[in-house]
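The structure appears below as structure tokens.
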Amino acid sequence: ILGMKGEEAWAEIWHIIHPLINEVLITGEAYWSEDRLIPIYRNGKIEDVYWTFSYSCVNDETGKAAGVFVTCNETTGKVLLAKQLEETNDQLKFAVDAADLSTWDYDPRTNKFTGNNRLKEWFGLDPKSEIDLSTAIEVMVPEDRARVTKAIKKVLDYSSGGNYDIEYSIVNAATGEKRIVWAKGKVWFGDDKAAYRFNGTLMDITQRVKKEEALKKIADHLKLSTDSANVGTWSLDLASEHLDWSALHKKMWGYDEQRNDLTYADWHTLILPDDKAKAFQKVEESKINSTFYDVEYRIKKADDNSIHWIRSTGKYYYNKKGEPETLTGISIDITERKETEET
């Protein structure tokens, strides 16, 4: 395009740059634009291209405007990268906000500890306040401080791998509100194996922990009740045939209470042949009718081959597709009752 008229060389952008050139010629004042989108025709098509450019007036020997000197640099790559980073940051911020996460960043070299506004809110601090590591430690309940401090010291050592994962409790310095938080982070090491950055997130898991504690209490009460009544509990995963038995149930069948590899076969092979068909029929009727089954049968215990009467009650549970997924129930040793009835 050397020697061509500008209007012919840059036909697709002449309506943009020509007014700028005229303005410089008329006013004599230079024009500067940074990272401006000016699409041009190249590679056989119109492409979105970003430019940083300047127009400066060139005067002749009489001091009159004789031309325009242009410096131009394409910045498309820089602009697209900046946009990509901005989008990534926006996505990250959305994820952090959606998950109600607090974020933190610690520089081990300066002991500077920074956090987002949510973190400061949880700590009971002003959004504009500075934080150091000691402040972050002080908001923890006293019984957790030594454990967390030890974990931080360990993760800052290069041999640890730099992965941080711990749960602890904090107390808001302003309101006294207590939270149970889950901290996950990563330490970054330099070529000298020294830590230069330690950042991560805090998640409020207070409600989850409270629910788990409540469920554990229910489970403990249920176990106490079933153990007191000599009731064994079990649950069969139909896909894997893995049988989850309570310790009392394993003992009832004559198996080691510590075994975790028991299957459906380990259950039904101990049922006496004369009673097996009846037991299976009751179980099958339960599946067809979606009702509880209740059946009595005899087993030969695995440890001493003694014969015991068992009463089992159970029910099938189904997935969203209506397919049977688990079979769950209880069993009671009724041998003494049966022997009394026979006499």
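We name chains A, B, ... following the order of the structure tokens; residues begin at 1 in each chain, and ligands are numbered from 1 as shown.
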(request) Identify, on the basis of only C-alpha atoms, every residue whose closest approach to A:Trp51 does not exceed 9 Å; exclude the query and any residue fewer than 5 positions from it along the same chain; express the result as number ranges by chain. (result) A: 33-38, 72-76
Residues as selected, N, CA, C and O atoms, written as a CSV table (one decimal), in the first residue's frame, can you do that?
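New file again.csv:
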```csv
chain,number,residue,atom,x,y,z
A,33,SER,N,-4.7,7.5,21.2
A,33,SER,CA,-5.7,6.6,21.5
A,33,SER,C,-5.1,5.3,21.9
A,33,SER,O,-4.1,4.8,21.3
A,34,GLU,N,-5.6,4.7,23.0
A,34,GLU,CA,-5.0,3.5,23.5
A,34,GLU,C,-6.0,2.3,23.5
A,34,GLU,O,-7.2,2.4,23.9
A,35,ASP,N,-5.6,1.2,22.9
A,35,ASP,CA,-6.4,-0.1,22.8
A,35,ASP,C,-7.8,0.2,22.2
A,35,ASP,O,-8.8,-0.3,22.8
A,36,ARG,N,-7.8,0.9,21.1
A,36,ARG,CA,-9.0,1.2,20.5
A,36,ARG,C,-9.4,0.2,19.4
A,36,ARG,O,-8.5,-0.3,18.7
A,37,LEU,N,-10.7,-0.2,19.4
A,37,LEU,CA,-11.1,-1.2,18.5
A,37,LEU,C,-11.4,-0.6,17.1
A,37,LEU,O,-12.2,0.3,17.0
A,38,ILE,N,-10.6,-1.0,16.1
A,38,ILE,CA,-10.8,-0.5,14.7
A,38,ILE,C,-10.6,-1.7,13.8
A,38,ILE,O,-9.5,-2.2,13.5
A,72,CYS,N,1.9,3.6,15.3
A,72,CYS,CA,0.8,2.7,15.5
A,72,CYS,C,1.3,1.4,16.0
A,72,CYS,O,2.3,0.8,15.5
A,73,ASN,N,0.6,0.8,17.0
A,73,ASN,CA,1.0,-0.5,17.5
A,73,ASN,C,-0.3,-1.4,17.7
A,73,ASN,O,-1.2,-0.9,18.4
A,74,GLU,N,-0.3,-2.6,17.2
A,74,GLU,CA,-1.4,-3.4,17.4
A,74,GLU,C,-1.4,-4.0,18.8
A,74,GLU,O,-0.4,-4.6,19.3
A,75,THR,N,-2.5,-4.0,19.6
A,75,THR,CA,-2.5,-4.5,21.0
A,75,THR,C,-3.6,-5.5,21.1
A,75,THR,O,-4.1,-5.7,22.3
A,76,THR,N,-4.0,-6.2,20.1
A,76,THR,CA,-5.2,-7.1,20.1
A,76,THR,C,-4.9,-8.2,21.2
A,76,THR,O,-5.8,-8.5,22.0
```
(message) For A:Ala11, find every residue with an atom within 12 Å (counting only C-alpha atoms), except residues of its own chain fewer than 3 positions away, and show them as a ChimeraX atom specification.
(response) /A:1,4-8,14-18,39-41,46
Would you give me, as CSV, each residue of stretch 179-286 of chain A having an atom within 10 Å of an atom of stretch 306-316 of chain A, along with its shortest atom pair and that distance in Å to one decimal, using only C-alpha atoms and sorting by chain and residue number?
```
residue,atom,partner,partner_atom,distance
A:Val231,CA,A:Ser312,CA,9.8
A:Gly232,CA,A:Ser312,CA,9.3
A:Thr233,CA,A:Ser312,CA,9.6
A:Trp234,CA,A:Gly314,CA,9.0
A:Ser235,CA,A:Gly314,CA,9.1
A:Leu236,CA,A:Tyr316,CA,9.4
A:Leu238,CA,A:Tyr316,CA,9.7
A:Met252,CA,A:His308,CA,8.9
A:Trp253,CA,A:His308,CA,8.8
A:Gly254,CA,A:Ser306,CA,9.2
A:Leu270,CA,A:Ile307,CA,9.7
A:Ile271,CA,A:Ile310,CA,9.4
A:Leu272,CA,A:Ile307,CA,8.8
A:Ala279,CA,A:Ser312,CA,9.1
A:Lys282,CA,A:Thr313,CA,9.8
A:Val283,CA,A:Gly314,CA,8.1
A:Glu284,CA,A:Tyr316,CA,9.8
A:Ser286,CA,A:Lys315,CA,6.6
```
(request) Just the residues within 10 Å of A:Thr269, please, counting only C-alpha atoms, with nothing from its chain fewer than 6 positions along; format it as a PyMOL selection string. (result) chain A and resi 276+299-300+302
(request) Using only C-alpha atoms, determine which residues lie at most 12 Å from A:Asn59, disregarding the query and same-chain residues fewer than 4 positions distant; provide the list as a VMD selection string. (result) chain A and resid 24 to 29 63 to 69
(message) Just checking: using only C-alpha atoms, which residue out of A:Phe53, A:Phe123, A:Tyr106, A:Phe113 ends up closest to A:Gly176?
(response)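 Among the listed residues, the smallest separation from A:Gly176 belongs to A:Phe123.
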Give me the residues near A:Thr110 as a PDB file with C-alpha atoms, in the first residue's frame, where near means some atom within 12 Å (using only C-alpha atoms) and where sequence neighbours in that chain fewer than 3 positions away do not count.
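Dumped everything to out16.pdb:
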```pdb
ATOM      1  CA  ASP A 105      -4.065 -14.451  51.133  1.00  0.00           C
ATOM      2  CA  TYR A 106      -1.007 -14.619  53.391  1.00  0.00           C
ATOM      3  CA  ASP A 107       2.546 -13.529  52.597  1.00  0.00           C
ATOM      4  CA  PHE A 113      -2.678 -11.327  55.866  1.00  0.00           C
ATOM      5  CA  THR A 114      -5.469 -10.050  53.623  1.00  0.00           C
ATOM      6  CA  ILE A 131      -5.209  -8.070  59.199  1.00  0.00           C
ATOM      7  CA  ASP A 132      -2.121  -9.957  60.253  1.00  0.00           C
ATOM      8  CA  LEU A 133      -1.782 -13.663  60.987  1.00  0.00           C
ATOM      9  CA  ALA A 195       7.111 -20.157  50.787  1.00  0.00           C
ATOM     10  CA  TYR A 196       6.164 -16.835  49.244  1.00  0.00           C
ATOM     11  CA  ARG A 197       2.366 -17.101  49.159  1.00  0.00           C
ATOM     12  CA  PHE A 198      -0.342 -18.974  51.061  1.00  0.00           C
TER      13      PHE A 198
END
```
(request) Could you give me the residues within stretch 110-312 of chain A that DSSP places in alpha helix (DSSP H), as JSON, numbers by chain? (result) {"A": [117, 118, 119, 120, 121, 122, 123, 133, 134, 135, 136, 137, 138, 142, 143, 144, 145, 146, 147, 148, 149, 150, 151, 152, 153, 154, 155, 206, 207, 208, 209, 210, 211, 212, 213, 214, 215, 216, 217, 218, 219, 220, 221, 222, 223, 224, 225, 226, 227, 228, 247, 248, 249, 250, 251, 252, 253, 264, 265, 266, 267, 268, 273, 274, 275, 276, 277, 278, 279, 280, 281, 282, 283, 284, 285, 286, 287, 288, 289]}
Test item, strand (DSSP E) assignment across stretch 118-203 of chain A, answer as a compact mmCIF listing (two decimals) with all heavy atoms, in the first residue's frame:
```
# COMPACT_ATOMS: atom_id res chain seq x y z
N ILE A 131 -5.23 -6.82 58.44
CA ILE A 131 -5.21 -8.07 59.20
C ILE A 131 -3.79 -8.62 59.17
O ILE A 131 -3.11 -8.55 58.15
CB ILE A 131 -6.15 -9.13 58.59
CG1 ILE A 131 -7.52 -8.53 58.26
CG2 ILE A 131 -6.31 -10.32 59.49
CD1 ILE A 131 -8.45 -9.48 57.53
N ASP A 132 -3.35 -9.18 60.29
CA ASP A 132 -2.12 -9.96 60.25
C ASP A 132 -2.45 -11.36 60.75
O ASP A 132 -3.56 -11.63 61.20
CB ASP A 132 -0.99 -9.32 61.07
CG ASP A 132 -1.38 -9.09 62.52
OD1 ASP A 132 -2.21 -9.88 63.03
OD2 ASP A 132 -0.87 -8.15 63.14
N ASN A 163 -0.41 -28.37 50.60
CA ASN A 163 -1.87 -28.44 50.60
C ASN A 163 -2.41 -28.34 52.02
O ASN A 163 -1.99 -29.07 52.92
CB ASN A 163 -2.34 -29.74 49.95
CG ASN A 163 -2.01 -29.79 48.47
OD1 ASN A 163 -2.26 -28.83 47.74
ND2 ASN A 163 -1.43 -30.88 48.02
N TYR A 164 -3.36 -27.44 52.22
CA TYR A 164 -3.89 -27.11 53.54
C TYR A 164 -5.37 -27.45 53.58
O TYR A 164 -6.15 -27.03 52.71
CB TYR A 164 -3.66 -25.61 53.79
CG TYR A 164 -4.11 -25.07 55.11
CD1 TYR A 164 -3.49 -25.43 56.29
CD2 TYR A 164 -5.14 -24.13 55.16
CE1 TYR A 164 -3.89 -24.89 57.51
CE2 TYR A 164 -5.55 -23.58 56.37
CZ TYR A 164 -4.91 -23.96 57.54
OH TYR A 164 -5.30 -23.41 58.73
N ASP A 165 -5.79 -28.22 54.58
CA ASP A 165 -7.18 -28.67 54.68
C ASP A 165 -7.49 -28.92 56.15
O ASP A 165 -6.98 -29.87 56.74
CB ASP A 165 -7.38 -29.94 53.86
CG ASP A 165 -8.84 -30.34 53.72
OD1 ASP A 165 -9.65 -29.95 54.58
OD2 ASP A 165 -9.18 -31.05 52.76
N ILE A 166 -8.32 -28.07 56.77
CA ILE A 166 -8.55 -28.18 58.21
C ILE A 166 -9.88 -27.54 58.58
O ILE A 166 -10.35 -26.63 57.90
CB ILE A 166 -7.39 -27.53 58.99
CG1 ILE A 166 -7.43 -27.90 60.47
CG2 ILE A 166 -7.38 -26.02 58.80
CD1 ILE A 166 -6.19 -27.49 61.23
N GLU A 167 -10.50 -28.02 59.64
CA GLU A 167 -11.73 -27.45 60.18
C GLU A 167 -11.46 -26.92 61.58
O GLU A 167 -10.73 -27.54 62.36
CB GLU A 167 -12.85 -28.49 60.22
CG GLU A 167 -13.28 -28.99 58.85
CD GLU A 167 -14.39 -30.04 58.93
OE1 GLU A 167 -14.93 -30.24 60.06
OE2 GLU A 167 -14.71 -30.65 57.91
N TYR A 168 -12.07 -25.78 61.90
CA TYR A 168 -11.94 -25.21 63.23
C TYR A 168 -13.07 -24.22 63.47
O TYR A 168 -13.85 -23.92 62.55
CB TYR A 168 -10.57 -24.55 63.43
CG TYR A 168 -10.20 -23.51 62.39
CD1 TYR A 168 -10.58 -22.18 62.54
CD2 TYR A 168 -9.48 -23.87 61.26
CE1 TYR A 168 -10.24 -21.23 61.59
CE2 TYR A 168 -9.14 -22.93 60.31
CZ TYR A 168 -9.52 -21.60 60.48
OH TYR A 168 -9.18 -20.67 59.53
N SER A 169 -13.13 -23.66 64.67
CA SER A 169 -14.19 -22.72 65.02
C SER A 169 -13.61 -21.33 65.24
O SER A 169 -12.50 -21.18 65.73
CB SER A 169 -14.91 -23.18 66.29
OG SER A 169 -15.56 -24.43 66.09
N ILE A 170 -14.39 -20.31 64.84
CA ILE A 170 -13.99 -18.92 65.05
C ILE A 170 -15.12 -18.19 65.77
O ILE A 170 -16.29 -18.62 65.73
CB ILE A 170 -13.68 -18.19 63.73
CG1 ILE A 170 -14.92 -18.17 62.81
CG2 ILE A 170 -12.50 -18.84 63.02
CD1 ILE A 170 -14.73 -17.35 61.54
N VAL A 171 -14.77 -17.10 66.44
CA VAL A 171 -15.76 -16.30 67.16
C VAL A 171 -15.64 -14.85 66.69
O VAL A 171 -14.55 -14.28 66.69
CB VAL A 171 -15.54 -16.36 68.69
CG1 VAL A 171 -16.55 -15.47 69.40
CG2 VAL A 171 -15.66 -17.80 69.18
N LYS A 178 -20.45 -17.55 66.90
CA LYS A 178 -19.50 -18.63 66.66
C LYS A 178 -19.81 -19.32 65.34
O LYS A 178 -20.97 -19.58 65.02
CB LYS A 178 -19.55 -19.64 67.80
CG LYS A 178 -18.54 -20.77 67.70
CD LYS A 178 -18.63 -21.69 68.92
CE LYS A 178 -17.63 -22.85 68.80
NZ LYS A 178 -17.72 -23.77 69.98
N ARG A 179 -18.77 -19.61 64.57
CA ARG A 179 -18.91 -20.34 63.32
C ARG A 179 -17.91 -21.49 63.29
O ARG A 179 -16.80 -21.37 63.81
CB ARG A 179 -18.62 -19.45 62.10
CG ARG A 179 -19.53 -18.27 61.91
CD ARG A 179 -19.05 -17.41 60.76
NE ARG A 179 -19.78 -16.17 60.67
CZ ARG A 179 -20.89 -15.99 59.95
NH1 ARG A 179 -21.36 -17.00 59.26
NH2 ARG A 179 -21.51 -14.84 59.92
N ILE A 180 -18.33 -22.57 62.66
CA ILE A 180 -17.40 -23.66 62.36
C ILE A 180 -17.04 -23.51 60.89
O ILE A 180 -17.92 -23.44 60.03
CB ILE A 180 -18.04 -25.03 62.62
CG1 ILE A 180 -18.53 -25.12 64.07
CG2 ILE A 180 -17.04 -26.15 62.34
CD1 ILE A 180 -19.36 -26.35 64.36
N VAL A 181 -15.75 -23.43 60.60
CA VAL A 181 -15.32 -23.16 59.23
C VAL A 181 -14.41 -24.28 58.73
O VAL A 181 -13.75 -24.97 59.51
CB VAL A 181 -14.58 -21.81 59.11
CG1 VAL A 181 -15.52 -20.67 59.43
CG2 VAL A 181 -13.36 -21.77 60.02
N TRP A 182 -14.41 -24.41 57.42
CA TRP A 182 -13.55 -25.39 56.73
C TRP A 182 -12.58 -24.60 55.87
O TRP A 182 -13.00 -23.88 54.97
CB TRP A 182 -14.41 -26.32 55.89
CG TRP A 182 -13.65 -27.30 55.04
CD1 TRP A 182 -12.39 -27.78 55.25
CD2 TRP A 182 -14.10 -27.92 53.83
NE1 TRP A 182 -12.03 -28.67 54.27
CE2 TRP A 182 -13.07 -28.77 53.38
CE3 TRP A 182 -15.29 -27.85 53.10
CZ2 TRP A 182 -13.19 -29.53 52.23
CZ3 TRP A 182 -15.40 -28.61 51.95
CH2 TRP A 182 -14.36 -29.45 51.53
N ALA A 183 -11.30 -24.70 56.17
CA ALA A 183 -10.28 -23.95 55.44
C ALA A 183 -9.55 -24.88 54.46
O ALA A 183 -9.11 -25.97 54.83
CB ALA A 183 -9.27 -23.34 56.40
N LYS A 184 -9.47 -24.42 53.21
CA LYS A 184 -8.68 -25.13 52.20
C LYS A 184 -7.76 -24.12 51.54
O LYS A 184 -8.20 -23.03 51.18
CB LYS A 184 -9.57 -25.79 51.14
CG LYS A 184 -10.26 -27.06 51.61
CD LYS A 184 -11.04 -27.73 50.50
CE LYS A 184 -10.12 -28.33 49.44
NZ LYS A 184 -9.35 -29.48 49.93
N GLY A 185 -6.49 -24.49 51.40
CA GLY A 185 -5.54 -23.53 50.83
C GLY A 185 -4.37 -24.21 50.15
O GLY A 185 -4.25 -25.43 50.14
N LYS A 186 -3.51 -23.36 49.59
CA LYS A 186 -2.34 -23.83 48.86
C LYS A 186 -1.17 -22.89 49.14
O LYS A 186 -1.33 -21.67 49.12
CB LYS A 186 -2.64 -23.85 47.35
CG LYS A 186 -1.45 -24.19 46.47
CD LYS A 186 -1.07 -25.65 46.55
CE LYS A 186 0.06 -25.98 45.58
NZ LYS A 186 0.50 -27.39 45.72
N VAL A 187 -0.01 -23.48 49.42
CA VAL A 187 1.20 -22.70 49.62
C VAL A 187 2.03 -22.75 48.34
O VAL A 187 2.18 -23.81 47.71
CB VAL A 187 2.03 -23.25 50.80
CG1 VAL A 187 3.34 -22.47 50.93
CG2 VAL A 187 1.24 -23.14 52.10
N TRP A 188 2.57 -21.59 47.95
CA TRP A 188 3.39 -21.48 46.74
C TRP A 188 4.84 -21.28 47.16
O TRP A 188 5.14 -20.44 48.01
CB TRP A 188 2.91 -20.32 45.88
CG TRP A 188 1.44 -20.43 45.58
CD1 TRP A 188 0.41 -19.96 46.33
CD2 TRP A 188 0.84 -21.08 44.46
NE1 TRP A 188 -0.81 -20.27 45.75
CE2 TRP A 188 -0.56 -20.97 44.59
CE3 TRP A 188 1.35 -21.75 43.34
CZ2 TRP A 188 -1.46 -21.49 43.68
CZ3 TRP A 188 0.46 -22.27 42.42
CH2 TRP A 188 -0.93 -22.13 42.59
N PHE A 189 5.73 -22.07 46.55
CA PHE A 189 7.14 -22.03 46.91
C PHE A 189 7.98 -21.53 45.74
O PHE A 189 7.67 -21.79 44.57
CB PHE A 189 7.63 -23.43 47.30
CG PHE A 189 6.92 -24.00 48.50
CD1 PHE A 189 5.82 -24.83 48.35
CD2 PHE A 189 7.35 -23.71 49.79
CE1 PHE A 189 5.16 -25.37 49.45
CE2 PHE A 189 6.71 -24.24 50.90
CZ PHE A 189 5.61 -25.07 50.73
N ALA A 195 8.49 -20.55 51.07
CA ALA A 195 7.11 -20.16 50.79
C ALA A 195 7.02 -18.65 50.58
O ALA A 195 7.56 -17.87 51.36
CB ALA A 195 6.21 -20.57 51.95
N TYR A 196 6.35 -18.25 49.49
CA TYR A 196 6.16 -16.84 49.24
C TYR A 196 4.68 -16.43 49.19
O TYR A 196 4.36 -15.24 49.20
CB TYR A 196 6.86 -16.41 47.95
CG TYR A 196 6.27 -16.99 46.68
CD1 TYR A 196 5.21 -16.37 46.03
CD2 TYR A 196 6.78 -18.16 46.13
CE1 TYR A 196 4.66 -16.89 44.86
CE2 TYR A 196 6.25 -18.69 44.95
CZ TYR A 196 5.19 -18.06 44.34
OH TYR A 196 4.67 -18.59 43.19
N ARG A 197 3.79 -17.43 49.16
CA ARG A 197 2.37 -17.10 49.16
C ARG A 197 1.57 -18.28 49.71
O ARG A 197 1.89 -19.44 49.45
CB ARG A 197 1.89 -16.78 47.74
CG ARG A 197 0.47 -16.24 47.68
CD ARG A 197 0.02 -15.96 46.26
NE ARG A 197 -1.30 -15.34 46.24
CZ ARG A 197 -2.00 -15.11 45.13
NH1 ARG A 197 -1.51 -15.46 43.96
NH2 ARG A 197 -3.19 -14.55 45.19
N PHE A 198 0.53 -17.96 50.48
CA PHE A 198 -0.34 -18.97 51.06
C PHE A 198 -1.76 -18.43 50.98
O PHE A 198 -2.12 -17.49 51.68
CB PHE A 198 0.09 -19.21 52.51
CG PHE A 198 -0.74 -20.22 53.27
CD1 PHE A 198 -1.48 -21.20 52.62
CD2 PHE A 198 -0.78 -20.18 54.66
CE1 PHE A 198 -2.23 -22.12 53.33
CE2 PHE A 198 -1.53 -21.10 55.38
CZ PHE A 198 -2.25 -22.07 54.71
N ASN A 199 -2.57 -18.97 50.08
CA ASN A 199 -3.92 -18.43 49.90
C ASN A 199 -4.94 -19.55 49.87
O ASN A 199 -4.62 -20.71 49.70
CB ASN A 199 -4.01 -17.57 48.64
CG ASN A 199 -3.73 -18.36 47.38
OD1 ASN A 199 -3.18 -19.44 47.42
ND2 ASN A 199 -4.11 -17.80 46.24
N GLY A 200 -6.22 -19.17 50.04
CA GLY A 200 -7.27 -20.18 50.04
C GLY A 200 -8.62 -19.61 50.41
O GLY A 200 -8.86 -18.40 50.30
N THR A 201 -9.50 -20.49 50.86
CA THR A 201 -10.87 -20.11 51.16
C THR A 201 -11.30 -20.66 52.52
O THR A 201 -10.74 -21.63 53.03
CB THR A 201 -11.86 -20.65 50.10
OG1 THR A 201 -11.78 -22.09 50.08
CG2 THR A 201 -11.53 -20.10 48.73
N LEU A 202 -12.33 -19.99 53.07
CA LEU A 202 -13.00 -20.47 54.28
C LEU A 202 -14.47 -20.68 53.94
O LEU A 202 -15.10 -19.80 53.33
CB LEU A 202 -12.91 -19.46 55.41
CG LEU A 202 -11.66 -19.41 56.30
CD1 LEU A 202 -11.88 -18.40 57.41
CD2 LEU A 202 -11.34 -20.75 56.88
N MET A 203 -15.02 -21.82 54.34
CA MET A 203 -16.45 -22.09 54.13
C MET A 203 -17.11 -22.28 55.50
O MET A 203 -16.59 -22.98 56.36
CB MET A 203 -16.65 -23.35 53.28
CG MET A 203 -18.11 -23.75 53.11
SD MET A 203 -18.33 -25.27 52.14
CE MET A 203 -17.98 -24.63 50.50
```
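Nearest to A:Asp275 of all the residues A:Asp191, A:Val295, A:Gln207, A:Val148 is A:Val295, counting only C-alpha atoms.
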(message) For a test of reading the model, state the distance in Å between atom CA of A:Thr263 and atom CA of A:Ser246, rounded to one decimal.
(response) 13.3 Å
(request) For atom CA of A:Tyr293 and atom CA of A:Gln258, quote the distance in Å rounded to one decimal. (result)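 Separation between atom CA of A:Tyr293 and atom CA of A:Gln258: 28.1 Å.
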(request) For atom CA of A:Lys45 and atom CA of A:Lys83, determine how far apart the two atoms are, in Å to one decimal place. (result) 22.8 Å
(request) Rank A:Ile205, A:Val70, A:Glu47, A:Glu257 by their smallest atom-to-atom distance to A:Ala30, using only C-alpha atoms, and report the top residue only. (result)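 The closest residue to A:Ala30 is A:Val70.
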